[in-house]
file query-v4.pdb (PDB, C-alpha atoms)
ATOM      1  CA  MET A   1       0.000   0.000   0.000
ATOM      2  CA  ALA A   2       2.762   2.453   0.960
ATOM      3  CA  ALA A   3       4.718   1.619  -2.200
ATOM      4  CA  LEU A   4       1.642   2.358  -4.328
ATOM      5  CA  THR A   5       1.155   5.573  -2.361
ATOM      6  CA  LYS A   6       4.682   6.706  -3.204
ATOM      7  CA  VAL A   7       4.140   5.930  -6.872
ATOM      8  CA  ALA A   8       0.897   7.901  -6.828
ATOM      9  CA  GLY A   9       2.667  10.748  -5.035
ATOM     10  CA  ALA A  10       5.398  10.863  -7.681
ATOM     11  CA  SER A  11       2.778  10.886 -10.430
ATOM     12  CA  SER A  12       0.921  13.694  -8.663
ATOM     13  CA  LEU A  13       4.083  15.765  -8.387
ATOM     14  CA  LEU A  14       4.858  15.239 -12.057
ATOM     15  CA  ALA A  15       1.349  16.272 -13.039
ATOM     16  CA  VAL A  16       1.543  19.422 -10.921
ATOM     17  CA  LEU A  17       4.882  20.334 -12.493
ATOM     18  CA  TRP A  18       3.408  19.882 -15.961
ATOM     19  CA  VAL A  19       0.444  22.043 -15.060
ATOM     20  CA  GLY A  20       2.644  24.783 -13.626
ATOM     21  CA  VAL A  21       5.230  24.833 -16.392
ATOM     22  CA  CYS A  22       2.965  24.697 -19.410
ATOM     23  CA  SER A  23      -0.751  25.383 -19.272
ATOM     24  CA  ALA A  24      -1.294  23.458 -22.526
ATOM     25  CA  VAL A  25      -0.010  20.235 -20.939
ATOM     26  CA  CYS A  26      -2.140  18.765 -18.173
ATOM     27  CA  VAL A  27      -2.565  15.248 -16.819
ATOM     28  CA  GLU A  28      -5.411  14.266 -14.515
ATOM     29  CA  VAL A  29      -4.114  11.786 -11.941
ATOM     30  CA  PRO A  30      -5.849  10.397  -8.842
ATOM     31  CA  SER A  31      -5.100  11.695  -5.381
ATOM     32  CA  GLU A  32      -3.422   9.743  -2.626
ATOM     33  CA  THR A  33      -5.960   8.017  -0.408
ATOM     34  CA  GLU A  34      -3.987   7.282   2.764
ATOM     35  CA  ALA A  35      -2.710   9.819   5.293
ATOM     36  CA  VAL A  36      -0.772   9.501   8.543
ATOM     37  CA  GLN A  37      -2.200  11.006  11.693
ATOM     38  CA  GLY A  38      -0.626  14.375  12.508
ATOM     39  CA  SER A  39       0.733  14.980   8.984
ATOM     40  CA  HIS A  40      -0.387  17.327   6.196
ATOM     41  CA  MET A  41      -2.444  15.706   3.449
ATOM     42  CA  LYS A  42      -2.882  17.156  -0.046
ATOM     43  CA  LEU A  43      -6.217  16.270  -1.619
ATOM     44  CA  LEU A  44      -5.327  16.326  -5.282
ATOM     45  CA  CYS A  45      -7.946  17.587  -7.725
ATOM     46  CA  ILE A  46      -6.877  18.407 -11.282
ATOM     47  CA  SER A  47      -9.325  19.626 -13.928
ATOM     48  CA  CYS A  48      -7.551  20.122 -17.224
ATOM     49  CA  MET A  49      -8.541  22.719 -19.813
ATOM     50  CA  LYS A  50      -7.893  22.796 -23.541
ATOM     51  CA  ARG A  51      -5.853  25.545 -25.120
ATOM     52  CA  GLU A  52      -8.938  27.367 -26.373
ATOM     53  CA  GLU A  53     -10.570  27.153 -22.931
ATOM     54  CA  VAL A  54      -7.932  29.087 -20.987
ATOM     55  CA  SER A  55     -10.236  32.080 -20.441
ATOM     56  CA  ALA A  56     -12.992  30.975 -18.063
ATOM     57  CA  ASN A  57     -14.638  31.791 -14.754
ATOM     58  CA  THR A  58     -13.952  28.896 -12.402
ATOM     59  CA  LEU A  59     -15.881  27.907  -9.291
ATOM     60  CA  VAL A  60     -14.382  25.240  -7.019
ATOM     61  CA  GLU A  61     -16.356  23.629  -4.197
ATOM     62  CA  TRP A  62     -15.036  21.071  -1.727
ATOM     63  CA  PHE A  63     -17.327  18.837   0.356
ATOM     64  CA  TYR A  64     -16.732  16.285   3.099
ATOM     65  CA  LYS A  65     -18.820  13.303   4.180
ATOM     66  CA  ALA A  66     -17.834  11.205   7.181
ATOM     67  CA  ASP A  67     -17.731   7.430   6.971
ATOM     68  CA  GLY A  68     -21.293   6.236   7.419
ATOM     69  CA  GLY A  69     -22.647   9.763   7.016
ATOM     70  CA  ASP A  70     -25.432  10.746   4.648
ATOM     71  CA  LYS A  71     -24.692  14.428   4.051
ATOM     72  CA  ASP A  72     -21.974  16.278   2.139
ATOM     73  CA  VAL A  73     -20.779  19.233   4.222
ATOM     74  CA  PRO A  74     -19.224  22.177   2.312
ATOM     75  CA  ILE A  75     -15.752  22.912   3.702
ATOM     76  CA  TYR A  76     -13.960  25.097   1.119
ATOM     77  CA  GLU A  77     -14.629  27.070  -2.040
ATOM     78  CA  PHE A  78     -12.887  29.241  -4.600
ATOM     79  CA  ARG A  79     -15.193  31.861  -6.053
ATOM     80  CA  ASN A  80     -12.927  34.641  -7.349
ATOM     81  CA  GLU A  81     -11.002  34.170  -4.109
ATOM     82  CA  GLN A  82     -10.110  31.415  -1.663
ATOM     83  CA  ARG A  83     -12.514  30.946   1.225
ATOM     84  CA  GLU A  84     -12.577  28.403   4.021
ATOM     85  CA  LEU A  85     -16.121  27.621   5.142
ATOM     86  CA  GLU A  86     -17.290  27.056   8.681
ATOM     87  CA  SER A  87     -16.865  23.354   9.478
ATOM     88  CA  ARG A  88     -14.997  20.921  11.710
ATOM     89  CA  PHE A  89     -11.930  21.651   9.570
ATOM     90  CA  SER A  90     -11.842  25.372  10.412
ATOM     91  CA  GLY A  91      -8.242  26.573  10.579
ATOM     92  CA  ARG A  92      -6.860  23.351   9.072
ATOM     93  CA  LEU A  93      -7.564  23.823   5.358
ATOM     94  CA  GLN A  94      -5.187  25.480   2.917
ATOM     95  CA  TRP A  95      -5.416  26.225  -0.819
ATOM     96  CA  ASN A  96      -2.819  24.212  -2.735
ATOM     97  CA  GLY A  97      -3.800  24.819  -6.354
ATOM     98  CA  SER A  98      -2.230  26.537  -9.350
ATOM     99  CA  LYS A  99      -2.765  30.034 -10.766
ATOM    100  CA  ASP A 100      -4.267  28.733 -14.010
ATOM    101  CA  MET A 101      -6.966  26.895 -12.003
ATOM    102  CA  GLN A 102      -6.209  23.504 -13.499
ATOM    103  CA  ASP A 103      -4.864  22.217 -10.200
ATOM    104  CA  VAL A 104      -7.565  23.068  -7.642
ATOM    105  CA  SER A 105      -6.257  20.992  -4.755
ATOM    106  CA  ILE A 106      -6.454  21.752  -1.046
ATOM    107  CA  SER A 107      -4.421  20.496   1.914
ATOM    108  CA  VAL A 108      -5.680  19.293   5.272
ATOM    109  CA  LEU A 109      -3.285  20.289   8.056
ATOM    110  CA  ASN A 110      -2.638  18.162  11.127
ATOM    111  CA  VAL A 111      -4.764  15.240   9.958
ATOM    112  CA  THR A 112      -6.705  13.344  12.613
ATOM    113  CA  LEU A 113      -8.266   9.877  12.598
ATOM    114  CA  ASN A 114     -11.703  11.503  12.417
ATOM    115  CA  ASP A 115     -10.787  13.065   9.053
ATOM    116  CA  SER A 116     -11.309   9.751   7.286
ATOM    117  CA  GLY A 117     -14.178   9.875   4.841
ATOM    118  CA  ILE A 118     -15.167  10.955   1.346
ATOM    119  CA  TYR A 119     -14.024  14.302  -0.052
ATOM    120  CA  THR A 120     -15.706  15.686  -3.161
ATOM    121  CA  CYS A 121     -14.154  18.282  -5.469
ATOM    122  CA  ASN A 122     -16.673  19.992  -7.760
ATOM    123  CA  VAL A 123     -15.375  22.240 -10.546
ATOM    124  CA  THR A 124     -17.675  24.503 -12.578
ATOM    125  CA  ARG A 125     -16.280  26.532 -15.474
ATOM    126  CA  GLU A 126     -18.185  29.169 -17.409
ATOM    127  CA  PHE A 127     -16.511  30.044 -20.694
ATOM    128  CA  ASP A 128     -16.959  33.510 -22.110
ATOM    129  CA  TYR A 129     -17.277  33.201 -25.889
ATOM    130  CA  GLU A 130     -18.708  35.817 -28.229
ATOM    131  CA  ILE A 131     -21.735  33.750 -29.216
ATOM    132  CA  HIS A 132     -22.546  31.703 -26.137
ATOM    133  CA  ARG A 133     -21.378  30.976 -22.566
ATOM    134  CA  PRO A 134     -21.093  27.188 -22.151
ATOM    135  CA  VAL A 135     -20.727  25.698 -18.684
ATOM    136  CA  PHE A 136     -18.514  22.704 -17.899
ATOM    137  CA  THR A 137     -18.723  20.728 -14.653
ATOM    138  CA  SER A 138     -16.617  17.913 -13.222
ATOM    139  CA  SER A 139     -16.568  16.049  -9.928
ATOM    140  CA  THR A 140     -13.790  14.098  -8.211
ATOM    141  CA  LEU A 141     -14.288  11.757  -5.239
ATOM    142  CA  ILE A 142     -11.459  10.989  -2.827
ATOM    143  CA  ARG A 143     -11.986   8.295  -0.199
ATOM    144  CA  LEU A 144      -9.410   9.144   2.468
ATOM    145  CA  THR A 145      -8.208   6.748   5.165
ATOM    146  CA  VAL A 146      -6.176   8.086   8.082
ATOM    147  CA  VAL A 147      -3.836   5.660   9.876
ATOM    148  CA  GLU A 148      -1.915   6.077  13.112
ATOM    149  CA  ALA A 149       1.490   5.205  11.641
ATOM    150  CA  ALA A 150       2.882   4.768   8.160
ATOM    151  CA  GLY A 151       3.335   1.174   7.025
ATOM    152  CA  GLU A 152       6.607  -0.048   5.590
ATOM    153  CA  ASP A 153       6.743  -0.789   1.899
ATOM    154  CA  LEU A 154       7.966  -4.079   0.447
ATOM    155  CA  THR A 155      11.349  -2.669  -0.579
ATOM    156  CA  SER A 156      12.238  -1.506   2.922
ATOM    157  CA  VAL A 157      11.088  -4.825   4.434
ATOM    158  CA  ILE A 158      13.251  -6.804   1.994
ATOM    159  CA  SER A 159      16.211  -4.497   2.693
ATOM    160  CA  GLU A 160      15.893  -5.061   6.431
ATOM    161  CA  ILE A 161      15.643  -8.836   5.963
ATOM    162  CA  MET A 162      18.753  -8.872   3.749
ATOM    163  CA  MET A 163      20.599  -6.732   6.284
ATOM    164  CA  TYR A 164      19.823  -9.149   9.119
ATOM    165  CA  ILE A 165      20.786 -12.153   6.970
ATOM    166  CA  LEU A 166      24.094 -10.492   6.101
ATOM    167  CA  LEU A 167      24.697  -9.648   9.759
ATOM    168  CA  VAL A 168      24.064 -13.265  10.822
ATOM    169  CA  PHE A 169      26.306 -14.559   8.016
ATOM    170  CA  LEU A 170      29.177 -12.240   8.987
ATOM    171  CA  THR A 171      28.789 -13.199  12.654
ATOM    172  CA  LEU A 172      28.956 -16.922  11.837
ATOM    173  CA  TRP A 173      31.918 -16.372   9.512
ATOM    174  CA  LEU A 174      33.788 -14.439  12.218
ATOM    175  CA  LEU A 175      33.007 -17.153  14.780
ATOM    176  CA  ILE A 176      34.278 -19.898  12.457
ATOM    177  CA  GLU A 177      37.470 -17.920  11.753
ATOM    178  CA  MET A 178      38.071 -17.425  15.478
ATOM    179  CA  ILE A 179      37.590 -21.156  16.165
ATOM    180  CA  TYR A 180      39.920 -22.059  13.282
ATOM    181  CA  CYS A 181      42.628 -19.660  14.472
ATOM    182  CA  TYR A 182      42.276 -20.880  18.059
ATOM    183  CA  ARG A 183      42.665 -24.509  17.004
ATOM    184  CA  LYS A 184      45.629 -23.652  14.785
ATOM    185  CA  VAL A 185      47.405 -21.828  17.604
ATOM    186  CA  ALA A 186      46.575 -24.608  20.072
ATOM    187  CA  LYS A 187      47.925 -27.263  17.676
ATOM    188  CA  ALA A 188      51.120 -25.278  17.139
ATOM    189  CA  GLU A 189      51.623 -24.978  20.910
ATOM    190  CA  GLU A 190      50.929 -28.692  21.342
ATOM    191  CA  THR A 191      53.464 -29.573  18.664
ATOM    192  CA  ALA A 192      56.053 -27.302  20.272
ATOM    193  CA  GLN A 193      55.472 -28.898  23.672
ATOM    194  CA  GLU A 194      55.833 -32.413  22.180
ATOM    195  CA  ASN A 195      59.110 -31.449  20.514
ATOM    196  CA  ALA A 196      60.387 -29.960  23.749
ATOM    197  CA  ALA A 197      59.386 -33.109  25.672
ATOM    198  CA  ASP A 198      61.124 -35.368  23.135
ATOM    199  CA  TYR A 199      64.289 -33.267  23.376
ATOM    200  CA  LEU A 200      64.311 -33.420  27.149
ATOM    201  CA  ALA A 201      63.863 -37.201  27.027
ATOM    202  CA  ILE A 202      67.146 -37.673  25.080
ATOM    203  CA  PRO A 203      70.104 -38.793  27.357
ATOM    204  CA  SER A 204      72.881 -36.286  27.960
ATOM    205  CA  GLU A 205      75.487 -38.220  25.966
ATOM    206  CA  ASN A 206      73.197 -38.365  23.022
ATOM    207  CA  LYS A 207      72.618 -34.654  23.267
ATOM    208  CA  GLU A 208      76.398 -34.132  23.016
ATOM    209  CA  ASN A 209      76.558 -36.428  19.991
ATOM    210  CA  CYS A 210      73.838 -34.445  18.434
ATOM    211  CA  ALA A 211      76.136 -31.428  18.475
ATOM    212  CA  VAL A 212      77.406 -30.427  15.104
ATOM    213  CA  PRO A 213      81.191 -31.054  14.788
ATOM    214  CA  VAL A 214      83.323 -28.027  14.069
ATOM    215  CA  GLU A 215      85.859 -28.490  11.281
ATOM    216  CA  GLU A 216      89.312 -26.952  11.757
TER     217      GLU A 216
END

call {"tool": "encode", "arguments": {"input": "query-v4.pdb", "output": "structure tokens"}}
result
Amino acid sequence: MAALTKVAGASSLLAVLWVGVCSAVCVEVPSETEAVQGSHMKLLCISCMKREEVSANTLVEWFYKADGGDKDVPIYEFRNEQRELESRFSGRLQWNGSKDMQDVSISVLNVTLNDSGIYTCNVTREFDYEIHRPVFTSSTLIRLTVVEAAGEDLTSVISEIMMYILLVFLTLWLLIEMIYCYRKVAKAEETAQENAADYLAIPSENKENCAVPVEE
């Protein structure tokens, strides 16, 4: 889940960059759907416009419905200016969209477990043409789940497992090397003691005969 969240986050960032750099290039990608308690969560809502639709009056309305609830509560709107509406989110909502009004996202600050639920982003555009004034509407649903702590992704779990395996392997290898060196040193000492014992067991006259004669 966390790995998919990171992928979605990277896609969201790329889409926002495209929207900000070139108004003619826009990609509508889904928002992340999992937030960690106490963090800031961006509710991504992108409504792309065509090149000929750049001039338009845009109305953005955000709604929230709690899990098991039956009513959408308005929490934020953009009608010529940003405005946070009176709700349980008062003081915790922040506009996070773009100037061209293709990215109309908001952020929830200091997310709590009670913020889980369904968020709806409604976009209404009224285009001002010479002949007529067509109206375009779109709606995006985001089902947000707030968790107490972030879960580890598969990559980090595998990395930790490999690290512990490597640590165990190195520990065993070091232990085997220590045992091998200890036995080698002990065998060398044993051999030296045996040689010394054999030398001491030789009679004195034999020891003198063992002396190397000196040639004149």

call {"tool": "resolve_selection", "arguments": {"input": "query-v4.pdb", "expression": "the PyMOL selection byres ((chain A and resi 40) around 12)", "output": "count of residues only"}}
result
22

call {"tool": "atom_distance", "arguments": {"input": "query-v4.pdb", "atom1": "CA of Thr140 in chain A", "atom2": "CA of Tyr64 in chain A"}}
result
11.9 Å

call {"tool": "atom_distance", "arguments": {"input": "query-v4.pdb", "atom1": "CA of Thr155 in chain A", "atom2": "CA of Trp173 in chain A"}}
result
26.7 Å

call {"tool": "axis_aligned_box", "arguments": {"input": "query-v4.pdb", "around": "range 187-197 of chain A", "padding_each_side": "4 Å", "output": "AutoDock Vina command-line options"}}
result
--center_x 54.2 --center_y -29.0 --center_z 21.4 --size_x 20.5 --size_y 16.1 --size_z 16.5

call {"tool": "residues_around", "arguments": {"input": "query-v4.pdb", "residues": "Thr58 in chain A", "least_positions_apart": "3", "cutoff": "10 Å", "atoms": "all atoms listed in the file", "output": "list in words"}}
result
Ser55, Phe78, Arg79, Asn80, Asp100, Met101, Gln102, Val104, Val123, Thr124, Arg125, Glu126, Phe127, Val135, Phe136 and Thr137 of chain A

call {"tool": "build_atoms", "arguments": {"input": "query-v4.pdb", "residues": "range 113-124 of chain A", "atoms": "all heavy atoms", "output": "compact mmCIF listing (two decimals), in the coordinates of the input"}}
result
# COMPACT_ATOMS: atom_id res chain seq x y z
N LEU A 113 -7.59 11.11 12.99
CA LEU A 113 -8.27 9.88 12.60
C LEU A 113 -9.71 10.14 12.19
O LEU A 113 -10.27 9.41 11.35
CB LEU A 113 -8.21 8.87 13.75
CG LEU A 113 -6.81 8.37 14.16
CD1 LEU A 113 -6.92 7.45 15.37
CD2 LEU A 113 -6.15 7.64 12.99
N ASN A 114 -10.32 11.18 12.74
CA ASN A 114 -11.70 11.50 12.42
C ASN A 114 -11.85 12.15 11.04
O ASN A 114 -12.97 12.39 10.59
CB ASN A 114 -12.29 12.43 13.48
CG ASN A 114 -12.44 11.75 14.83
OD1 ASN A 114 -12.65 10.54 14.90
ND2 ASN A 114 -12.30 12.52 15.90
N ASP A 115 -10.73 12.45 10.38
CA ASP A 115 -10.79 13.06 9.05
C ASP A 115 -10.99 12.04 7.94
O ASP A 115 -11.10 12.41 6.77
CB ASP A 115 -9.51 13.87 8.77
CG ASP A 115 -9.38 15.08 9.69
OD1 ASP A 115 -10.41 15.52 10.22
OD2 ASP A 115 -8.25 15.58 9.87
N SER A 116 -11.02 10.78 8.30
CA SER A 116 -11.31 9.75 7.29
C SER A 116 -12.72 9.96 6.75
O SER A 116 -13.63 10.35 7.47
CB SER A 116 -11.18 8.35 7.90
OG SER A 116 -9.87 8.10 8.34
N GLY A 117 -12.87 9.71 5.46
CA GLY A 117 -14.18 9.88 4.84
C GLY A 117 -14.05 10.16 3.36
O GLY A 117 -13.00 9.90 2.75
N ILE A 118 -15.12 10.69 2.79
CA ILE A 118 -15.17 10.96 1.35
C ILE A 118 -15.12 12.46 1.11
O ILE A 118 -15.95 13.21 1.65
CB ILE A 118 -16.44 10.36 0.71
CG1 ILE A 118 -16.47 8.84 0.92
CG2 ILE A 118 -16.50 10.69 -0.77
CD1 ILE A 118 -17.74 8.19 0.40
N TYR A 119 -14.16 12.89 0.31
CA TYR A 119 -14.02 14.30 -0.05
C TYR A 119 -14.42 14.46 -1.52
O TYR A 119 -13.99 13.67 -2.37
CB TYR A 119 -12.60 14.78 0.15
CG TYR A 119 -12.16 14.80 1.61
CD1 TYR A 119 -11.77 13.61 2.24
CD2 TYR A 119 -12.16 15.97 2.35
CE1 TYR A 119 -11.38 13.62 3.57
CE2 TYR A 119 -11.77 15.99 3.68
CZ TYR A 119 -11.38 14.80 4.28
OH TYR A 119 -11.00 14.80 5.60
N THR A 120 -15.23 15.45 -1.80
CA THR A 120 -15.71 15.69 -3.16
C THR A 120 -15.22 17.05 -3.64
O THR A 120 -15.36 18.06 -2.95
CB THR A 120 -17.24 15.65 -3.23
OG1 THR A 120 -17.71 14.40 -2.70
CG2 THR A 120 -17.73 15.80 -4.66
N CYS A 121 -14.64 17.06 -4.85
CA CYS A 121 -14.15 18.28 -5.47
C CYS A 121 -15.01 18.56 -6.70
O CYS A 121 -14.96 17.82 -7.69
CB CYS A 121 -12.68 18.12 -5.86
SG CYS A 121 -12.02 19.46 -6.89
N ASN A 122 -15.82 19.60 -6.63
CA ASN A 122 -16.67 19.99 -7.76
C ASN A 122 -16.08 21.23 -8.45
O ASN A 122 -15.80 22.23 -7.78
CB ASN A 122 -18.10 20.30 -7.29
CG ASN A 122 -18.83 19.05 -6.83
OD1 ASN A 122 -18.50 17.94 -7.23
ND2 ASN A 122 -19.83 19.23 -5.98
N VAL A 123 -15.92 21.14 -9.76
CA VAL A 123 -15.38 22.24 -10.55
C VAL A 123 -16.40 22.67 -11.58
O VAL A 123 -16.90 21.83 -12.35
CB VAL A 123 -14.05 21.85 -11.24
CG1 VAL A 123 -13.50 23.01 -12.06
CG2 VAL A 123 -13.02 21.39 -10.22
N THR A 124 -16.73 23.95 -11.60
CA THR A 124 -17.68 24.50 -12.58
C THR A 124 -16.98 25.63 -13.33
O THR A 124 -16.49 26.58 -12.72
CB THR A 124 -18.93 25.06 -11.90
OG1 THR A 124 -19.55 24.02 -11.11
CG2 THR A 124 -19.92 25.57 -12.94
